[in-house]
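Shown here: work11.pdb, PDB, C-alpha atoms and all ligand atoms.
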ATOM      1  CA  MET Q   4       8.602  10.381 -32.948  1.00  0.00           C
ATOM      2  CA  PRO Q   5       7.946   8.759 -29.522  1.00  0.00           C
ATOM      3  CA  GLU Q   6       9.173   5.231 -28.818  1.00  0.00           C
ATOM      4  CA  THR Q   7       6.608   2.480 -29.589  1.00  0.00           C
ATOM      5  CA  PRO Q   8       5.020   1.466 -26.267  1.00  0.00           C
ATOM      6  CA  VAL Q   9       5.777  -2.046 -25.067  1.00  0.00           C
ATOM      7  CA  LEU Q  10       2.958  -3.717 -23.191  1.00  0.00           C
ATOM      8  CA  TYR Q  11       3.442  -6.903 -21.185  1.00  0.00           C
ATOM      9  CA  VAL Q  12       0.286  -9.047 -20.838  1.00  0.00           C
ATOM     10  CA  LEU Q  13       1.005 -11.758 -18.276  1.00  0.00           C
ATOM     11  CA  ASN Q  14      -1.296 -14.633 -17.366  1.00  0.00           C
ATOM     12  CA  GLY Q  15      -1.179 -16.893 -14.335  1.00  0.00           C
ATOM     13  CA  PRO Q  16      -1.987 -20.525 -13.668  1.00  0.00           C
ATOM     14  CA  ASN Q  17      -4.591 -22.581 -15.520  1.00  0.00           C
ATOM     15  CA  LEU Q  18      -5.401 -19.865 -18.033  1.00  0.00           C
ATOM     16  CA  ASN Q  19      -3.917 -22.185 -20.677  1.00  0.00           C
ATOM     17  CA  LEU Q  20      -7.184 -24.136 -20.218  1.00  0.00           C
ATOM     18  CA  LEU Q  21      -9.308 -21.231 -21.428  1.00  0.00           C
ATOM     19  CA  GLY Q  22     -11.986 -22.273 -23.878  1.00  0.00           C
ATOM     20  CA  VAL Q  23     -11.437 -25.919 -22.979  1.00  0.00           C
ATOM     21  CA  ARG Q  24     -13.203 -26.116 -19.596  1.00  0.00           C
ATOM     22  CA  GLU Q  25     -15.709 -24.045 -17.603  1.00  0.00           C
ATOM     23  CA  PRO Q  26     -16.908 -21.904 -20.556  1.00  0.00           C
ATOM     24  CA  HIS Q  27     -19.912 -20.819 -18.463  1.00  0.00           C
ATOM     25  CA  ILE Q  28     -17.492 -18.932 -16.172  1.00  0.00           C
ATOM     26  CA  TYR Q  29     -14.587 -17.975 -18.417  1.00  0.00           C
ATOM     27  CA  GLY Q  30     -16.110 -17.922 -21.912  1.00  0.00           C
ATOM     28  CA  ARG Q  31     -15.398 -19.874 -25.092  1.00  0.00           C
ATOM     29  CA  GLU Q  32     -12.336 -17.955 -26.308  1.00  0.00           C
ATOM     30  CA  THR Q  33      -8.997 -19.696 -26.045  1.00  0.00           C
ATOM     31  CA  LEU Q  34      -5.870 -17.975 -24.720  1.00  0.00           C
ATOM     32  CA  ALA Q  35      -4.685 -17.686 -28.350  1.00  0.00           C
ATOM     33  CA  ASP Q  36      -7.921 -15.818 -29.125  1.00  0.00           C
ATOM     34  CA  VAL Q  37      -7.277 -13.509 -26.163  1.00  0.00           C
ATOM     35  CA  GLN Q  38      -3.732 -12.857 -27.393  1.00  0.00           C
ATOM     36  CA  ALA Q  39      -5.029 -11.906 -30.862  1.00  0.00           C
ATOM     37  CA  LEU Q  40      -7.606  -9.623 -29.256  1.00  0.00           C
ATOM     38  CA  CYS Q  41      -4.901  -7.885 -27.178  1.00  0.00           C
ATOM     39  CA  GLU Q  42      -2.708  -7.398 -30.245  1.00  0.00           C
ATOM     40  CA  ARG Q  43      -5.645  -5.828 -32.134  1.00  0.00           C
ATOM     41  CA  ALA Q  44      -6.538  -3.608 -29.181  1.00  0.00           C
ATOM     42  CA  ALA Q  45      -2.913  -2.437 -28.875  1.00  0.00           C
ATOM     43  CA  GLU Q  46      -3.118  -0.651 -32.259  1.00  0.00           C
ATOM     44  CA  GLY Q  47       0.560  -0.865 -33.154  1.00  0.00           C
ATOM     45  CA  ALA Q  48       1.986  -0.971 -29.652  1.00  0.00           C
ATOM     46  CA  SER Q  49       4.206  -3.971 -29.083  1.00  0.00           C
ATOM     47  CA  VAL Q  50       2.571  -6.750 -27.028  1.00  0.00           C
ATOM     48  CA  VAL Q  51       4.519  -9.389 -25.102  1.00  0.00           C
ATOM     49  CA  PHE Q  52       1.882 -11.994 -24.187  1.00  0.00           C
ATOM     50  CA  ARG Q  53       2.745 -14.934 -21.906  1.00  0.00           C
ATOM     51  CA  GLN Q  54       1.142 -17.526 -19.600  1.00  0.00           C
ATOM     52  CA  THR Q  55       2.688 -19.670 -16.892  1.00  0.00           C
ATOM     53  CA  ASN Q  56       1.540 -22.143 -14.271  1.00  0.00           C
ATOM     54  CA  HIS Q  57       4.561 -21.348 -12.079  1.00  0.00           C
ATOM     55  CA  GLU Q  58       4.661 -18.602  -9.460  1.00  0.00           C
ATOM     56  CA  GLY Q  59       8.420 -18.016  -9.708  1.00  0.00           C
ATOM     57  CA  GLU Q  60       8.279 -17.707 -13.482  1.00  0.00           C
ATOM     58  CA  LEU Q  61       5.461 -15.177 -13.214  1.00  0.00           C
ATOM     59  CA  ILE Q  62       7.568 -13.171 -10.747  1.00  0.00           C
ATOM     60  CA  ASP Q  63      10.587 -13.345 -13.084  1.00  0.00           C
ATOM     61  CA  TRP Q  64       8.435 -11.906 -15.884  1.00  0.00           C
ATOM     62  CA  VAL Q  65       7.100  -9.130 -13.629  1.00  0.00           C
ATOM     63  CA  GLN Q  66      10.698  -8.237 -12.799  1.00  0.00           C
ATOM     64  CA  GLU Q  67      11.524  -8.264 -16.525  1.00  0.00           C
ATOM     65  CA  ALA Q  68       8.592  -5.912 -17.171  1.00  0.00           C
ATOM     66  CA  ARG Q  69      10.169  -3.466 -14.711  1.00  0.00           C
ATOM     67  CA  THR Q  70      12.909  -2.672 -17.229  1.00  0.00           C
ATOM     68  CA  GLU Q  71      11.409  -3.796 -20.560  1.00  0.00           C
ATOM     69  CA  ALA Q  72       7.763  -2.621 -20.524  1.00  0.00           C
ATOM     70  CA  HIS Q  73       5.935   0.684 -20.466  1.00  0.00           C
ATOM     71  CA  ALA Q  74       2.860  -0.913 -18.849  1.00  0.00           C
ATOM     72  CA  LEU Q  75       1.715  -4.267 -17.487  1.00  0.00           C
ATOM     73  CA  VAL Q  76      -1.644  -6.014 -17.863  1.00  0.00           C
ATOM     74  CA  LEU Q  77      -1.795  -8.905 -15.425  1.00  0.00           C
ATOM     75  CA  ASN Q  78      -4.326 -11.668 -14.924  1.00  0.00           C
ATOM     76  CA  PRO Q  79      -2.707 -13.319 -11.921  1.00  0.00           C
ATOM     77  CA  ALA Q  80      -5.451 -15.998 -11.795  1.00  0.00           C
ATOM     78  CA  GLY Q  81      -5.320 -17.923  -8.492  1.00  0.00           C
ATOM     79  CA  TYR Q  82      -1.998 -16.345  -7.466  1.00  0.00           C
ATOM     80  CA  GLY Q  83      -3.733 -12.991  -7.164  1.00  0.00           C
ATOM     81  CA  HIS Q  84      -5.530 -14.327  -4.100  1.00  0.00           C
ATOM     82  CA  THR Q  85      -2.526 -16.013  -2.503  1.00  0.00           C
ATOM     83  CA  SER Q  86       0.850 -14.599  -3.490  1.00  0.00           C
ATOM     84  CA  ILE Q  87       2.553 -11.990  -1.321  1.00  0.00           C
ATOM     85  CA  ALA Q  88       5.719 -12.672  -3.334  1.00  0.00           C
ATOM     86  CA  LEU Q  89       3.903 -11.575  -6.492  1.00  0.00           C
ATOM     87  CA  LEU Q  90       2.702  -8.416  -4.712  1.00  0.00           C
ATOM     88  CA  ASP Q  91       6.278  -7.676  -3.596  1.00  0.00           C
ATOM     89  CA  ALA Q  92       7.494  -7.986  -7.195  1.00  0.00           C
ATOM     90  CA  LEU Q  93       4.713  -5.697  -8.450  1.00  0.00           C
ATOM     91  CA  LYS Q  94       5.530  -3.080  -5.842  1.00  0.00           C
ATOM     92  CA  ALA Q  95       8.995  -2.683  -7.373  1.00  0.00           C
ATOM     93  CA  LEU Q  96       7.441  -1.481 -10.658  1.00  0.00           C
ATOM     94  CA  ILE Q  97       6.979   2.172 -11.498  1.00  0.00           C
ATOM     95  CA  ILE Q  98       5.024   1.506 -14.729  1.00  0.00           C
ATOM     96  CA  PRO Q  99       1.169   1.356 -14.742  1.00  0.00           C
ATOM     97  CA  ILE Q 100      -0.284  -2.019 -13.743  1.00  0.00           C
ATOM     98  CA  VAL Q 101      -3.777  -3.032 -14.868  1.00  0.00           C
ATOM     99  CA  GLU Q 102      -5.162  -6.083 -13.091  1.00  0.00           C
ATOM    100  CA  CYS Q 103      -7.477  -8.034 -15.387  1.00  0.00           C
ATOM    101  CA  HIS Q 104      -9.985 -10.833 -14.762  1.00  0.00           C
ATOM    102  CA  LEU Q 105     -12.341 -12.625 -17.113  1.00  0.00           C
ATOM    103  CA  SER Q 106     -14.914 -13.246 -14.402  1.00  0.00           C
ATOM    104  CA  ASN Q 107     -15.978 -10.864 -11.651  1.00  0.00           C
ATOM    105  CA  PRO Q 108     -14.262 -12.355  -8.594  1.00  0.00           C
ATOM    106  CA  ALA Q 109     -16.243 -10.037  -6.265  1.00  0.00           C
ATOM    107  CA  ALA Q 110     -19.430 -11.861  -7.300  1.00  0.00           C
ATOM    108  CA  ARG Q 111     -17.972 -15.330  -6.657  1.00  0.00           C
ATOM    109  CA  GLU Q 112     -16.758 -17.259  -3.598  1.00  0.00           C
ATOM    110  CA  ALA Q 113     -15.561 -15.163  -0.620  1.00  0.00           C
ATOM    111  CA  PHE Q 114     -11.947 -16.297  -1.065  1.00  0.00           C
ATOM    112  CA  ARG Q 115     -11.897 -14.554  -4.460  1.00  0.00           C
ATOM    113  CA  HIS Q 116     -13.141 -11.213  -3.138  1.00  0.00           C
ATOM    114  CA  GLN Q 117      -9.681  -9.826  -2.481  1.00  0.00           C
ATOM    115  CA  THR Q 118      -6.451  -9.972  -4.388  1.00  0.00           C
ATOM    116  CA  TYR Q 119      -3.005  -8.942  -3.200  1.00  0.00           C
ATOM    117  CA  VAL Q 120      -2.393  -7.688  -6.731  1.00  0.00           C
ATOM    118  CA  SER Q 121      -5.015  -4.952  -6.283  1.00  0.00           C
ATOM    119  CA  LEU Q 122      -2.793  -3.355  -3.638  1.00  0.00           C
ATOM    120  CA  ALA Q 123      -0.225  -2.596  -6.356  1.00  0.00           C
ATOM    121  CA  ALA Q 124      -2.522  -2.142  -9.370  1.00  0.00           C
ATOM    122  CA  THR Q 125      -3.297   1.220 -10.915  1.00  0.00           C
ATOM    123  CA  GLY Q 126      -6.755  -0.140 -11.770  1.00  0.00           C
ATOM    124  CA  VAL Q 127      -8.749  -3.348 -12.176  1.00  0.00           C
ATOM    125  CA  VAL Q 128     -10.941  -4.633 -15.040  1.00  0.00           C
ATOM    126  CA  SER Q 129     -13.073  -7.683 -14.342  1.00  0.00           C
ATOM    127  CA  GLY Q 130     -16.230  -9.458 -15.352  1.00  0.00           C
ATOM    128  CA  PHE Q 131     -16.342  -8.915 -19.121  1.00  0.00           C
ATOM    129  CA  GLY Q 132     -14.876 -12.205 -20.319  1.00  0.00           C
ATOM    130  CA  ALA Q 133     -12.216 -11.814 -23.009  1.00  0.00           C
ATOM    131  CA  HIS Q 134     -13.400  -8.226 -23.478  1.00  0.00           C
ATOM    132  CA  SER Q 135     -11.825  -7.459 -20.053  1.00  0.00           C
ATOM    133  CA  TYR Q 136      -8.421  -7.826 -21.739  1.00  0.00           C
ATOM    134  CA  GLU Q 137      -9.356  -5.410 -24.516  1.00  0.00           C
ATOM    135  CA  LEU Q 138     -10.447  -2.830 -21.943  1.00  0.00           C
ATOM    136  CA  ALA Q 139      -7.321  -3.455 -19.865  1.00  0.00           C
ATOM    137  CA  VAL Q 140      -5.002  -3.002 -22.867  1.00  0.00           C
ATOM    138  CA  LYS Q 141      -6.749   0.241 -23.837  1.00  0.00           C
ATOM    139  CA  ALA Q 142      -6.537   1.524 -20.253  1.00  0.00           C
ATOM    140  CA  ALA Q 143      -2.852   0.609 -19.987  1.00  0.00           C
ATOM    141  CA  LEU Q 144      -2.002   2.419 -23.230  1.00  0.00           C
ATOM    142  CA  ARG Q 145      -3.980   5.457 -22.129  1.00  0.00           C
ATOM    143  CA  LEU Q 146      -1.950   5.542 -18.908  1.00  0.00           C
ATOM    144  CA  VAL Q 147       1.303   5.350 -20.896  1.00  0.00           C
ATOM    145  CA  GLN Q 148       0.186   8.252 -23.115  1.00  0.00           C
ATOM    146  CA  GLU Q 149      -0.865  10.298 -20.088  1.00  0.00           C
ATOM    147  CA  ARG Q 150       2.511   9.777 -18.434  1.00  0.00           C
ATOM    148  CA  ARG Q 151       4.307  10.774 -21.613  1.00  0.00           C
ATOM    149  CA  SER Q 152       2.331  13.986 -21.959  1.00  0.00           C
ATOM    150  CA  ALA Q 153       2.554  14.910 -18.263  1.00  0.00           C
ATOM    151  CA  PRO Q 154       4.779  17.920 -17.653  1.00  0.00           C
ATOM    152  CA  THR Q 155       8.090  17.065 -16.032  1.00  0.00           C
ATOM    153  CA  VAL Q 156       9.240  19.136 -13.087  1.00  0.00           C
TER
HETATM  154  O1  LIG Q 201     -11.659 -14.440 -13.755  1.00  0.00           O
HETATM  155  C1  LIG Q 201     -10.422 -14.536 -13.843  1.00  0.00           C
HETATM  156  O2  LIG Q 201      -9.798 -14.152 -14.822  1.00  0.00           O
HETATM  157  C2  LIG Q 201      -9.656 -15.240 -12.726  1.00  0.00           C
HETATM  158  O3  LIG Q 201      -8.392 -14.567 -12.596  1.00  0.00           O
HETATM  159  C3  LIG Q 201      -9.469 -16.662 -13.175  1.00  0.00           C
HETATM  160  C4  LIG Q 201      -8.787 -17.534 -12.129  1.00  0.00           C
HETATM  161  C5  LIG Q 201      -9.494 -17.409 -10.778  1.00  0.00           C
HETATM  162  O4  LIG Q 201      -8.762 -18.113  -9.789  1.00  0.00           O
HETATM  163  C6  LIG Q 201      -9.644 -15.969 -10.351  1.00  0.00           C
HETATM  164  O5  LIG Q 201     -10.380 -15.937  -9.141  1.00  0.00           O
HETATM  165  C7  LIG Q 201     -10.376 -15.153 -11.400  1.00  0.00           C
HETATM  166  C8  LIG Q 201      -8.821 -19.004 -12.560  1.00  0.00           C
HETATM  167  C9  LIG Q 201      -8.137 -19.251 -13.867  1.00  0.00           C
HETATM  168  C10 LIG Q 201      -8.441 -20.651 -14.290  1.00  0.00           C
HETATM  169  O6  LIG Q 201      -8.768 -20.641 -15.637  1.00  0.00           O
HETATM  170  C11 LIG Q 201      -9.445 -21.700 -16.145  1.00  0.00           C
HETATM  171  C12 LIG Q 201      -9.920 -21.549 -17.405  1.00  0.00           C
HETATM  172  C13 LIG Q 201     -10.634 -22.573 -17.987  1.00  0.00           C
HETATM  173  C14 LIG Q 201     -10.836 -23.748 -17.299  1.00  0.00           C
HETATM  174  C15 LIG Q 201     -10.349 -23.891 -16.026  1.00  0.00           C
HETATM  175  C16 LIG Q 201      -9.646 -22.863 -15.439  1.00  0.00           C
END

Can you give me the file's structure in the form of structure tokens?
Amino acid sequence: MPETPVLYVLNGPNLNLLGVREPHIYGRETLADVQALCERAAEGASVVFRQTNHEGELIDWVQEARTEAHALVLNPAGYGHTSIALLDALKALIIPIVECHLSNPAAREAFRHQTYVSLAATGVVSGFGAHSYELAVKAALRLVQERRSAPTV
């Protein structure tokens, strides 16, 4: 029986305000709703779901995921556009990384069009509101399964 996959879902700054402000951009679901949605989508996999407003704490959690998780779903929020330190931490991971955004940053202001995180991500899901997380969790688990069934040389 294979080990239960552990999925880290990490959220960056201001996402604690979800559902409280700017619902026209980010939707009406709260972060607690998003957590419940991720846990449902994970279908028995173990989900570690966290949010922080602090860059260093986010980096500590990424480093933790390096040894504790089988895959990482990350909504870096504003730090995705600014943090080389976060990119450096992500580059040390060998597990799949799925970058996730509620909105579609490519359709917004120019400063949102690129993220450093994308340079380390296996793939990106954006623009589907809370449903982006569901898709990201499913994609991350698929990647874990694929790695487990890949022949070893
Ligand atoms: O669309 C996303 O998920 C973003 O990562 C959200 C970030 C933004 O900087 C990125 O460009 C795209 C902003 C998160 C702020 O979240 C709030 C939620 C409700 C009210 C205010 C902010």

(Q) Using all atoms listed in the file, which protein or nucleic acid residues come within 7 Å of stretch 30-42 of chain Q? Drop anything in the same chain fewer than 6 positions from it, and give the result as a ChimeraX atom specification. (A) /Q:18-19,21-22,50,52,132-133,136-137,140

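Between ligand LIG 201 (chain Q) and the candidates Q:Asn78, Q:Tyr11, Q:Arg69, Q:Ala44, the tightest atom-to-atom separation, counting all atoms listed in the file, involves Q:Asn78.
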
(Q) I'd like to see the residues matched by the PyMOL selection byres (((not hetatm)) within 7 of (chain Q and resi 201)) on this file, and ideally I'd get them as an MDAnalysis selection string. (A) chainID Q and resid 16:26 29 78:81 103:108 115 129:130

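Using only C-alpha atoms, the nearest neighbour of Q:Val65 within the list Q:Leu93, Q:Ala142, Q:Ala48, Q:Ala88 is Q:Leu93.
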
Using the chain letters and numbering of this document, enumerate as a PDB file with C-alpha atoms, in the frame of the given file the residues selected by the PyMOL selection byres (((chain Q and resi 119) around 9) and not hetatm).
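Output file out-v7.pdb follows:
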ATOM      1  CA  TYR Q  82      -1.998 -16.345  -7.466  1.00  0.00           C
ATOM      2  CA  GLY Q  83      -3.733 -12.991  -7.164  1.00  0.00           C
ATOM      3  CA  HIS Q  84      -5.530 -14.327  -4.100  1.00  0.00           C
ATOM      4  CA  THR Q  85      -2.526 -16.013  -2.503  1.00  0.00           C
ATOM      5  CA  SER Q  86       0.850 -14.599  -3.490  1.00  0.00           C
ATOM      6  CA  ILE Q  87       2.553 -11.990  -1.321  1.00  0.00           C
ATOM      7  CA  LEU Q  89       3.903 -11.575  -6.492  1.00  0.00           C
ATOM      8  CA  LEU Q  90       2.702  -8.416  -4.712  1.00  0.00           C
ATOM      9  CA  GLN Q 117      -9.681  -9.826  -2.481  1.00  0.00           C
ATOM     10  CA  THR Q 118      -6.451  -9.972  -4.388  1.00  0.00           C
ATOM     11  CA  VAL Q 120      -2.393  -7.688  -6.731  1.00  0.00           C
ATOM     12  CA  SER Q 121      -5.015  -4.952  -6.283  1.00  0.00           C
ATOM     13  CA  LEU Q 122      -2.793  -3.355  -3.638  1.00  0.00           C
ATOM     14  CA  ALA Q 123      -0.225  -2.596  -6.356  1.00  0.00           C
TER      15      ALA Q 123
END

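You can rank Q:Ala113, Q:Ala45, Q:Ala72, Q:Ile28 by their closest distance to Q:Val9 using only C-alpha atoms, and at the top of that list sits Q:Ala72.
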
**Q.** Distance in Å - atom CA of Q:Glu102 versus atom CA of Q:Val127
**A.** 4.6 Å

Q.
Please compute the atom CA of Q:Val101-atom CA of Q:Thr155 distance, one decimal, in Å.
A. 23.4 Å

Q: Just the residues within 12 Å of stretch 150-153 of chain Q, please, counting all atoms listed in the file, with nothing from its chain fewer than 4 positions along; format it as a PyMOL selection string.
A: chain Q and resi 5-8+73-74+97-99+143-146

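For the set Q:Ala139, Q:Ala92, Q:Ile62, Q:Ala124, the residue with the smallest atom-to-atom gap to Q:Val12 is Q:Ala139, counting all atoms listed in the file.
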
Q. Using all atoms listed in the file, which residues sit within 8 Å of Q:His57 once same-chain residues fewer than 3 positions away are excluded, as an NGL selection string?
A. :Q and (15-16 or 60-61)

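When only C-alpha atoms are used to measure the gap to Q:Leu10, the shortest distance among Q:Ala110, Q:Ala95, Q:Leu138, Q:Val147 belongs to Q:Val147.
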
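We find atom CA of Q:Ala68 and atom CA of Q:Gln54 to be spaced 14.0 Å apart.
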
Q.
Calculated over only C-alpha atoms, which of the candidates Q:Gly47, Q:Lys141, Q:Gly126, Q:His116 has the smallest distance to Q:Ile100?
A. Q:Gly126
